[in-house]
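Structure file coords.txt; described as compact mmCIF, C-alpha atoms and all ligand atoms.
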```
# COMPACT_ATOMS: atom_id res chain seq x y z
CA MET Q 1 192.76 332.06 131.96
CA THR Q 2 194.73 329.60 134.03
CA ASP Q 3 196.61 326.79 132.36
CA THR Q 4 195.59 323.42 133.77
CA PRO Q 5 198.76 321.39 134.22
CA PHE Q 6 198.97 318.14 132.27
CA HIS Q 7 199.24 314.90 134.24
CA CYS Q 8 200.71 311.68 132.91
CA GLY Q 9 201.79 308.49 134.60
CA PHE Q 10 201.91 304.71 134.81
CA VAL Q 11 199.18 302.71 136.50
CA ALA Q 12 199.78 299.01 137.15
CA ILE Q 13 196.83 296.63 137.11
CA VAL Q 14 197.56 293.63 139.33
CA GLY Q 15 195.63 290.80 140.95
CA ARG Q 16 195.27 287.05 141.02
CA PRO Q 17 194.38 285.26 137.77
CA ASN Q 18 190.92 285.76 136.27
CA VAL Q 19 189.67 288.72 138.33
CA GLY Q 20 189.19 290.77 135.14
CA LYS Q 21 192.38 292.86 134.89
CA SER Q 22 192.64 292.73 131.11
CA THR Q 23 188.92 293.34 130.64
CA LEU Q 24 189.26 296.36 132.92
CA MET Q 25 192.16 297.81 130.97
CA ASN Q 26 190.43 297.31 127.62
CA HIS Q 27 187.32 299.10 128.86
CA LEU Q 28 189.30 301.93 130.43
CA ILE Q 29 191.02 302.68 127.13
CA GLY Q 30 188.04 301.83 124.92
CA GLN Q 31 189.92 299.33 122.71
CA LYS Q 32 190.69 295.66 123.04
CA VAL Q 33 194.46 295.49 123.21
CA SER Q 34 194.84 292.86 125.92
CA ILE Q 35 193.39 289.40 125.47
CA THR Q 36 190.82 287.97 127.89
CA SER Q 37 189.21 284.61 128.58
CA LYS Q 38 187.36 282.58 131.18
CA LYS Q 39 190.53 280.64 131.86
CA ALA Q 40 193.06 281.70 134.49
CA GLN Q 41 196.42 283.04 133.36
CA THR Q 42 195.38 284.23 129.95
CA THR Q 43 197.75 287.20 130.07
CA ARG Q 44 201.40 286.27 129.71
CA HIS Q 45 202.95 289.56 128.68
CA ARG Q 46 202.78 292.98 130.18
CA VAL Q 47 200.67 295.15 127.90
CA ASN Q 48 200.45 298.91 128.10
CA GLY Q 49 197.12 300.48 127.25
CA ILE Q 50 196.98 304.25 126.84
CA HIS Q 51 194.04 306.54 127.58
CA THR Q 52 194.46 310.23 126.77
CA GLU Q 53 192.19 313.09 127.84
CA ASP Q 54 192.49 316.88 127.50
CA THR Q 55 194.54 317.24 130.67
CA ALA Q 56 195.80 313.73 131.44
CA GLN Q 57 197.32 310.62 129.95
CA PHE Q 58 196.97 307.29 131.77
CA VAL Q 59 199.40 304.54 130.81
CA PHE Q 60 197.88 301.34 132.22
CA VAL Q 61 200.12 298.32 132.56
CA ASP Q 62 198.18 295.06 132.43
CA THR Q 63 200.07 292.22 134.11
CA PRO Q 64 199.74 288.43 134.21
CA GLY Q 65 197.67 287.08 137.11
CA PHE Q 66 199.96 286.51 140.05
CA GLN Q 67 199.91 283.06 141.59
CA THR Q 68 202.15 280.77 143.56
CA PHE Q 69 199.98 277.67 143.80
CA HIS Q 70 201.46 276.04 140.73
CA LYS Q 71 205.22 276.11 140.56
CA GLY Q 72 207.20 276.00 137.34
CA ALA Q 73 209.35 278.10 135.07
CA LEU Q 74 206.40 279.78 133.38
CA ASN Q 75 204.88 280.94 136.66
CA GLU Q 76 208.16 282.25 137.95
CA VAL Q 77 208.61 284.31 134.82
CA LEU Q 78 205.06 285.65 135.04
CA ASN Q 79 205.39 286.52 138.73
CA ARG Q 80 208.69 288.30 138.15
CA SER Q 81 206.99 290.37 135.49
CA VAL Q 82 204.38 291.49 138.06
CA LYS Q 83 207.02 292.37 140.67
CA GLU Q 84 209.05 294.41 138.21
CA THR Q 85 205.99 296.36 137.13
CA LEU Q 86 205.07 297.21 140.72
CA SER Q 87 208.42 298.81 141.43
CA ASP Q 88 208.10 301.37 138.70
CA VAL Q 89 204.63 302.94 138.53
CA ASP Q 90 202.81 305.98 139.95
CA CYS Q 91 199.69 304.17 141.08
CA VAL Q 92 198.56 300.56 141.49
CA LEU Q 93 195.10 299.14 140.85
CA PHE Q 94 194.77 296.02 142.95
CA VAL Q 95 191.86 294.14 141.41
CA ILE Q 96 189.72 291.56 143.20
CA GLU Q 97 186.30 290.05 142.54
CA ALA Q 98 183.29 291.25 144.51
CA MET Q 99 182.47 288.94 147.41
CA ARG Q 100 185.60 286.86 146.90
CA TRP Q 101 188.56 287.60 149.18
CA THR Q 102 190.66 284.49 148.80
CA GLY Q 103 194.04 283.21 149.90
CA ALA Q 104 195.33 283.82 146.39
CA ASP Q 105 194.32 287.51 146.65
CA LYS Q 106 195.86 287.95 150.10
CA GLU Q 107 199.10 286.39 148.93
CA LEU Q 108 199.70 289.47 146.84
CA LEU Q 109 199.43 291.98 149.69
CA PRO Q 110 203.07 291.72 150.83
CA LEU Q 111 204.19 292.52 147.29
CA LEU Q 112 202.26 295.77 147.04
CA PRO Q 113 204.48 298.85 147.20
CA LYS Q 114 204.63 300.89 150.42
CA HIS Q 115 205.30 304.32 148.91
CA THR Q 116 203.00 304.23 145.89
CA PRO Q 117 199.21 304.67 146.21
CA VAL Q 118 197.38 301.36 145.88
CA MET Q 119 193.70 301.53 144.99
CA LEU Q 120 191.45 298.63 145.77
CA VAL Q 121 189.30 297.90 142.70
CA ILE Q 122 186.44 295.54 143.36
CA ASN Q 123 185.34 294.17 140.00
CA LYS Q 124 182.34 292.14 138.83
CA LEU Q 125 179.94 294.39 140.69
CA ASP Q 126 177.17 292.90 138.52
CA LYS Q 127 177.58 289.65 140.45
CA ALA Q 128 177.10 291.22 143.87
CA LYS Q 129 173.37 291.42 144.44
CA ASP Q 130 173.28 292.19 148.15
CA LYS Q 131 174.36 295.77 148.84
CA GLN Q 132 174.68 295.36 152.60
CA ALA Q 133 176.87 292.28 152.16
CA LEU Q 134 179.01 294.19 149.66
CA MET Q 135 179.56 297.03 152.16
CA GLU Q 136 180.66 294.52 154.77
CA PHE Q 137 182.90 292.80 152.24
CA ILE Q 138 184.63 296.10 151.44
CA GLU Q 139 185.29 296.73 155.15
CA THR Q 140 186.78 293.26 155.58
CA VAL Q 141 189.21 293.74 152.70
CA LYS Q 142 190.12 297.28 153.76
CA ALA Q 143 191.10 296.01 157.19
CA ASP Q 144 193.92 293.96 155.64
CA PHE Q 145 195.82 296.76 153.86
CA ALA Q 146 196.16 300.56 153.86
CA PHE Q 147 194.55 301.21 150.48
CA ALA Q 148 194.73 304.79 149.19
CA ASP Q 149 191.16 304.52 147.90
CA VAL Q 150 188.45 302.03 146.95
CA GLU Q 151 186.22 301.77 143.89
CA VAL Q 152 183.63 299.19 142.91
CA VAL Q 153 183.26 298.56 139.16
CA SER Q 154 182.06 296.19 136.51
CA ALA Q 155 184.75 296.10 133.85
CA LYS Q 156 182.70 293.95 131.51
CA HIS Q 157 179.64 296.18 131.69
CA GLY Q 158 181.59 299.45 131.80
CA GLN Q 159 180.13 300.46 135.17
CA ARG Q 160 181.77 303.12 137.36
CA LEU Q 161 184.89 303.33 135.20
CA ALA Q 162 184.63 307.14 134.98
CA GLU Q 163 184.54 307.26 138.79
CA LEU Q 164 187.65 305.08 138.90
CA LEU Q 165 189.49 307.37 136.47
CA ASP Q 166 188.49 310.35 138.63
CA LYS Q 167 190.21 308.75 141.60
CA VAL Q 168 193.35 307.81 139.69
CA ARG Q 169 193.83 311.11 137.81
CA PRO Q 170 195.05 313.19 140.79
CA ARG Q 171 197.62 310.49 141.55
CA LEU Q 172 199.41 310.98 138.23
CA PRO Q 173 202.47 313.25 138.33
CA GLU Q 174 202.58 316.51 136.45
CA SER Q 175 204.21 315.66 133.14
CA MET Q 176 203.86 316.08 129.42
CA PRO Q 177 202.16 313.17 127.60
CA LEU Q 178 204.56 310.31 126.84
CA TYR Q 179 202.63 309.00 123.84
CA PRO Q 180 200.73 310.56 120.93
CA GLU Q 181 197.09 311.15 121.87
CA ASP Q 182 195.67 308.64 119.37
CA MET Q 183 197.94 305.80 120.47
CA VAL Q 184 196.18 303.07 122.48
CA THR Q 185 199.06 300.67 123.10
CA ASP Q 186 202.84 300.55 122.93
CA LYS Q 187 202.75 297.03 121.51
CA SER Q 188 203.41 296.40 117.82
CA GLU Q 189 200.77 295.08 115.44
CA ARG Q 190 202.93 291.99 115.12
CA PHE Q 191 202.69 291.32 118.84
CA LEU Q 192 198.96 292.07 118.91
CA ALA Q 193 198.34 289.66 116.00
CA ALA Q 194 199.98 286.80 117.89
CA GLU Q 195 198.04 287.67 121.05
CA ILE Q 196 194.72 287.65 119.21
CA VAL Q 197 195.42 284.12 117.92
CA ARG Q 198 196.37 283.06 121.43
CA GLU Q 199 193.08 284.40 122.75
CA LYS Q 200 191.14 282.24 120.31
CA LEU Q 201 193.12 279.18 121.42
CA PHE Q 202 192.06 279.94 124.99
CA ARG Q 203 188.46 280.39 123.94
CA TYR Q 204 188.03 277.42 121.64
CA LEU Q 205 190.21 274.70 123.13
CA GLY Q 206 189.62 272.58 126.26
CA GLU Q 207 190.87 273.33 129.74
CA GLU Q 208 194.52 272.36 129.64
CA LEU Q 209 195.51 272.58 126.00
CA PRO Q 210 196.14 276.31 125.45
CA TYR Q 211 198.71 276.45 128.24
CA SER Q 212 201.04 274.10 126.39
CA MET Q 213 200.85 276.06 123.15
CA ASN Q 214 202.66 279.10 121.92
CA VAL Q 215 202.22 281.36 118.97
CA GLU Q 216 204.84 282.71 116.61
CA VAL Q 217 204.47 285.29 113.85
CA GLU Q 218 206.38 283.99 110.85
CA GLN Q 219 205.49 286.76 108.46
CA PHE Q 220 203.91 290.19 108.80
CA GLU Q 221 203.85 292.23 105.60
CA LEU Q 222 202.07 295.32 104.44
CA ASP Q 223 200.81 294.94 100.88
CA GLY Q 224 199.26 298.34 100.20
CA ALA Q 225 196.47 298.61 102.74
CA LEU Q 226 196.37 294.82 103.20
CA ARG Q 227 198.24 293.10 106.02
CA ARG Q 228 199.53 289.62 105.16
CA ILE Q 229 200.08 287.68 108.37
CA HIS Q 230 201.39 284.11 108.75
CA ILE Q 231 201.20 282.63 112.21
CA ALA Q 232 202.44 279.28 113.54
CA VAL Q 233 200.90 277.67 116.61
CA LEU Q 234 203.51 275.58 118.40
CA VAL Q 235 202.17 272.52 120.18
CA ASP Q 236 203.87 269.95 122.41
CA LYS Q 237 202.68 266.73 120.86
CA GLU Q 238 201.43 265.34 117.59
CA GLY Q 239 198.04 264.49 119.21
CA GLN Q 240 197.44 268.12 120.13
CA LYS Q 241 197.91 269.09 116.53
CA GLY Q 242 194.90 266.96 115.57
CA ILE Q 243 192.72 268.49 118.30
CA LEU Q 244 193.64 271.99 117.25
CA ILE Q 245 192.95 271.36 113.57
CA GLY Q 246 189.65 269.60 114.34
CA LYS Q 247 187.39 267.48 112.16
CA GLY Q 248 187.85 268.51 108.54
CA GLY Q 249 189.93 271.48 109.71
CA GLU Q 250 186.87 273.11 111.29
CA LYS Q 251 188.38 274.22 114.58
CA LEU Q 252 191.47 275.83 113.09
CA LYS Q 253 189.27 277.56 110.55
CA LYS Q 254 187.04 279.01 113.26
CA ILE Q 255 190.07 280.17 115.23
CA SER Q 256 191.64 281.85 112.18
CA THR Q 257 188.43 283.48 111.03
CA GLU Q 258 187.68 284.98 114.44
CA ALA Q 259 191.28 286.10 114.84
CA ARG Q 260 191.22 287.76 111.43
CA LEU Q 261 188.01 289.65 112.22
CA ASP Q 262 189.48 290.93 115.51
CA MET Q 263 192.68 292.00 113.75
CA GLU Q 264 190.73 293.88 111.08
CA LYS Q 265 188.86 295.75 113.79
CA LEU Q 266 191.95 296.61 115.80
CA PHE Q 267 194.17 297.50 112.82
CA ASP Q 268 191.32 299.18 110.98
CA GLY Q 269 192.14 297.50 107.66
CA LYS Q 270 191.93 294.25 105.67
CA VAL Q 271 193.93 291.25 106.84
CA TYR Q 272 194.95 288.09 105.02
CA LEU Q 273 195.70 285.56 107.75
CA GLU Q 274 197.21 282.09 107.58
CA VAL Q 275 197.48 280.01 110.73
CA TRP Q 276 199.21 276.65 110.89
CA VAL Q 277 200.38 274.18 113.49
CA LYS Q 278 203.90 273.02 114.34
CA VAL Q 279 205.01 270.42 116.89
CA LYS Q 280 207.65 271.47 119.41
CA SER Q 281 208.21 269.55 122.63
CA GLY Q 282 208.77 270.56 126.24
CA TRP Q 283 208.55 274.35 125.99
CA ALA Q 284 206.51 275.05 129.10
CA ASP Q 285 209.43 274.36 131.41
CA ASP Q 286 212.25 275.44 129.17
CA VAL Q 287 213.33 278.88 130.32
CA ARG Q 288 215.58 279.36 127.33
CA PHE Q 289 212.67 278.94 125.03
CA LEU Q 290 210.63 281.43 127.08
CA LYS Q 291 213.39 283.93 126.58
CA GLU Q 292 213.18 283.53 122.86
CA PHE Q 293 209.60 284.68 123.18
CA GLY Q 294 210.56 287.77 125.12
CA LEU Q 295 208.99 286.62 128.37
CA HIS Q 296 212.05 286.92 130.57
N1 LIG F 301 180.43 289.11 135.36
C1 LIG F 301 181.55 289.78 135.07
N2 LIG F 301 182.57 289.13 134.47
C2 LIG F 301 183.68 289.84 134.20
C3 LIG F 301 183.82 291.22 134.53
N3 LIG F 301 185.04 291.63 134.14
C4 LIG F 301 185.67 290.55 133.61
N4 LIG F 301 184.84 289.46 133.63
C5 LIG F 301 185.13 288.11 133.11
O1 LIG F 301 186.17 287.50 133.88
C6 LIG F 301 186.94 286.61 133.08
C7 LIG F 301 188.41 286.92 133.20
O2 LIG F 301 188.68 288.18 132.61
P1 LIG F 301 190.15 288.63 132.21
O3 LIG F 301 190.07 290.08 131.90
O4 LIG F 301 190.74 287.72 131.19
O5 LIG F 301 190.88 288.41 133.61
P2 LIG F 301 192.41 288.65 134.01
O6 LIG F 301 192.42 289.11 135.42
O7 LIG F 301 193.08 289.53 133.01
O8 LIG F 301 192.98 287.17 133.94
P3 LIG F 301 194.52 286.67 133.73
O9 LIG F 301 195.11 287.41 132.60
O10 LIG F 301 194.33 285.21 133.45
O11 LIG F 301 195.19 286.92 135.05
C8 LIG F 301 186.41 286.76 131.64
O12 LIG F 301 185.54 285.70 131.37
C9 LIG F 301 185.69 288.11 131.69
O13 LIG F 301 184.65 288.21 130.76
C10 LIG F 301 182.69 291.88 135.14
O14 LIG F 301 182.69 293.07 135.43
N5 LIG F 301 181.59 291.10 135.38
MG MG F 302 194.67 289.19 131.81
```
File written out as structure tokens:
Amino acid sequence: MTDTPFHCGFVAIVGRPNVGKSTLMNHLIGQKVSITSKKAQTTRHRVNGIHTEDTAQFVFVDTPGFQTFHKGALNEVLNRSVKETLSDVDCVLFVIEAMRWTGADKELLPLLPKHTPVMLVINKLDKAKDKQALMEFIETVKADFAFADVEVVSAKHGQRLAELLDKVRPRLPESMPLYPEDMVTDKSERFLAAEIVREKLFRYLGEELPYSMNVEVEQFELDGALRRIHIAVLVDKEGQKGILIGKGGEKLKKISTEARLDMEKLFDGKVYLEVWVKVKSGWADDVRFLKEFGLH
């Protein structure tokens, strides 16, 4: 019998906002550890998602969508996070949307590493109805960069993810696993709890509002099998507080209930969750404040 060597390595997932990077990572690891939404720039923190097989361990690094169109302290911090990730991985998944090869995608090409394999991952395959047009689209994109490989997937519908893993696996270096086999993320439950609340803000509030809010865990306690979690949502202005709370407290209640259900699923146990709102002004452009939240 020959011993198959174990492979383990880091795989960065990068791309412009909203192409489906976080959805892809969640489906690759089979658990929802990175938040997703229809709005661009949902992801603000790097999140590692771990997928372990008999002979390989993939450590995916989900990154914030890279963009330079809107300047500001927050974007600079997010973009730096992407650049740092790219310098230190074994393989890169460069994600784009099927049939959309935009200026914002191309902007990222100069940042891609030269000595690390970069795979082109064309997501949202379910939206591309015309096969011939898709083939031509792939050729157009391939002409712009020396990709190590190409795969077409639908993250949301779990299509062709096994094929993608097959292409990434041989790129991982020979190494012992870095994490226990049942571990799906390196992030703490405390971090994940705050992220889940942030996801609900993105899902249930209007276009602009969630970007000016932040979320802070004020208490996280284990009481037997029960987790007691208190979370504050920090808003810029008094008026935003009213919108978030909603008529008769309905909106905040919906947000907390959905967040609690997601936490119970992810933590596999009962959660007692309290969410409240605090006013804090001017955070979006205050780098010092971003640092307090570990975003630097
Ligand atoms: N139709 C379709 N939609 C998808 C697919 N994958 C992701 N989406 C949707 O695309 C939107 C963005 O998904 P995210 O995973 O949050 O995208 P992201 O690239 O992580 O975005 P940022 O974190 O903002 O950069 C969500 O509404 C997803 O449901 C897919 O395969 N097909
Ligand atoms: Mg994301």
I'd like a table as a Markdown table: residues in chain Q with an atom no more than 8 Å from ligand LIG 301 (chain F), each row giving the shortest atom pair and its distance in Å to one decimal, all atoms listed in the file counted, sorted by chain and rising residue number.
```
| residue | atom | partner | partner_atom | distance |
| --- | --- | --- | --- | --- |
| Q:Val14 | CA | F:LIG301 | O6 | 7.9 |
| Q:Gly15 | CA | F:LIG301 | O6 | 6.6 |
| Q:Arg16 | CA | F:LIG301 | O11 | 6.0 |
| Q:Pro17 | CA | F:LIG301 | O11 | 3.3 |
| Q:Asn18 | CA | F:LIG301 | O8 | 3.4 |
| Q:Val19 | CA | F:LIG301 | O6 | 4.0 |
| Q:Gly20 | CA | F:LIG301 | O5 | 3.3 |
| Q:Lys21 | CA | F:LIG301 | O6 | 3.8 |
| Q:Ser22 | CA | F:LIG301 | O7 | 3.7 |
| Q:Thr23 | CA | F:LIG301 | O3 | 3.7 |
| Q:Leu24 | CA | F:LIG301 | O3 | 6.4 |
| Q:Ile35 | CA | F:LIG301 | O4 | 6.5 |
| Q:Thr36 | CA | F:LIG301 | O4 | 3.3 |
| Q:Ser37 | CA | F:LIG301 | O4 | 4.3 |
| Q:Lys38 | CA | F:LIG301 | O12 | 3.6 |
| Q:Lys39 | CA | F:LIG301 | O10 | 6.2 |
| Q:Ala40 | CA | F:LIG301 | O10 | 3.9 |
| Q:Gln41 | CA | F:LIG301 | O10 | 3.0 |
| Q:Thr42 | CA | F:LIG301 | O10 | 3.8 |
| Q:Thr43 | CA | F:LIG301 | O9 | 3.7 |
| Q:Arg44 | CA | F:LIG301 | O9 | 7.0 |
| Q:Asp62 | CA | F:LIG301 | O7 | 7.5 |
| Q:Thr63 | CA | F:LIG301 | O9 | 7.1 |
| Q:Pro64 | CA | F:LIG301 | O11 | 4.9 |
| Q:Gly65 | CA | F:LIG301 | O11 | 3.2 |
| Q:Phe66 | CA | F:LIG301 | O11 | 6.9 |
| Q:Val95 | CA | F:LIG301 | O6 | 7.8 |
| Q:Asn123 | CA | F:LIG301 | O14 | 5.4 |
| Q:Lys124 | CA | F:LIG301 | O14 | 3.5 |
| Q:Leu125 | CA | F:LIG301 | O14 | 6.1 |
| Q:Asp126 | CA | F:LIG301 | N5 | 5.7 |
| Q:Lys127 | CA | F:LIG301 | N1 | 5.9 |
| Q:Val153 | CA | F:LIG301 | O14 | 6.7 |
| Q:Ser154 | CA | F:LIG301 | O14 | 3.4 |
| Q:Ala155 | CA | F:LIG301 | O14 | 4.0 |
| Q:Lys156 | CA | F:LIG301 | O14 | 4.0 |
| Q:His157 | CA | F:LIG301 | O14 | 5.7 |
| Q:Gly158 | CA | F:LIG301 | O14 | 7.4 |
| Q:Gln159 | CA | F:LIG301 | O14 | 7.8 |
```
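Proximity to ligand MG 302 (chain F) was assessed for Q:Thr140, Q:Asn79, Q:Ser34, Q:Thr55 counting all atoms listed in the file; the smallest distance is recorded for Q:Ser34.
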Shell of 12 Å around Asn48 (chain Q), all atoms listed in the file, local chain residues under 3 positions omitted, as a VMD selection string
chain Q and resid 9 to 13 22 25 to 26 28 to 29 31 to 34 45 51 58 to 63 85 89 179 183 to 188 192
With a distance cut-off of 9 Å and only C-alpha atoms, select the neighbouring residues of Val271 (chain Q), excluding the residue or stretch itself and same-chain residues fewer than 4 positions from it, and output the selection as a PyMOL selection string.
chain Q and resi 225-229+260-261+263-264+267
Store the residues of this selection in a file with C-alpha atoms, as a PDB file, in the frame of the given file.
```
ATOM      1  CA  ALA Q 225     196.470 298.610 102.740  1.00  0.00           C
ATOM      2  CA  LEU Q 226     196.370 294.820 103.200  1.00  0.00           C
ATOM      3  CA  ARG Q 227     198.240 293.100 106.020  1.00  0.00           C
ATOM      4  CA  ARG Q 228     199.530 289.620 105.160  1.00  0.00           C
ATOM      5  CA  ILE Q 229     200.080 287.680 108.370  1.00  0.00           C
ATOM      6  CA  ARG Q 260     191.220 287.760 111.430  1.00  0.00           C
ATOM      7  CA  LEU Q 261     188.010 289.650 112.220  1.00  0.00           C
ATOM      8  CA  MET Q 263     192.680 292.000 113.750  1.00  0.00           C
ATOM      9  CA  GLU Q 264     190.730 293.880 111.080  1.00  0.00           C
ATOM     10  CA  PHE Q 267     194.170 297.500 112.820  1.00  0.00           C
TER      11      PHE Q 267
END
```
Step by step, gather every atom of region 107-124 of chain Q that the file lists, find the box along x, y and z that holds them, add 4 Å on each side, and finally give centre and edge lengths in Å to one decimal, as lines of an AutoDock Vina configuration file.
```
center_x = 193.8
center_y = 295.5
center_z = 144.8
size_x = 31.0
size_y = 26.3
size_z = 20.0
```
Which is closest to ligand MG 302 (chain F) among Q:Glu199, Q:Glu107, Q:Asp149, Q:Glu189, if we use all atoms listed in the file?
Q:Glu199
Close residues, region 246-252 of chain Q itself excluded, 9 Å, only C-alpha atoms, min 2 positions apart in chain, as JSON, numbers by chain:
{"Q": [204, 205, 241, 242, 243, 244, 254, 255, 256, 257, 275, 276]}
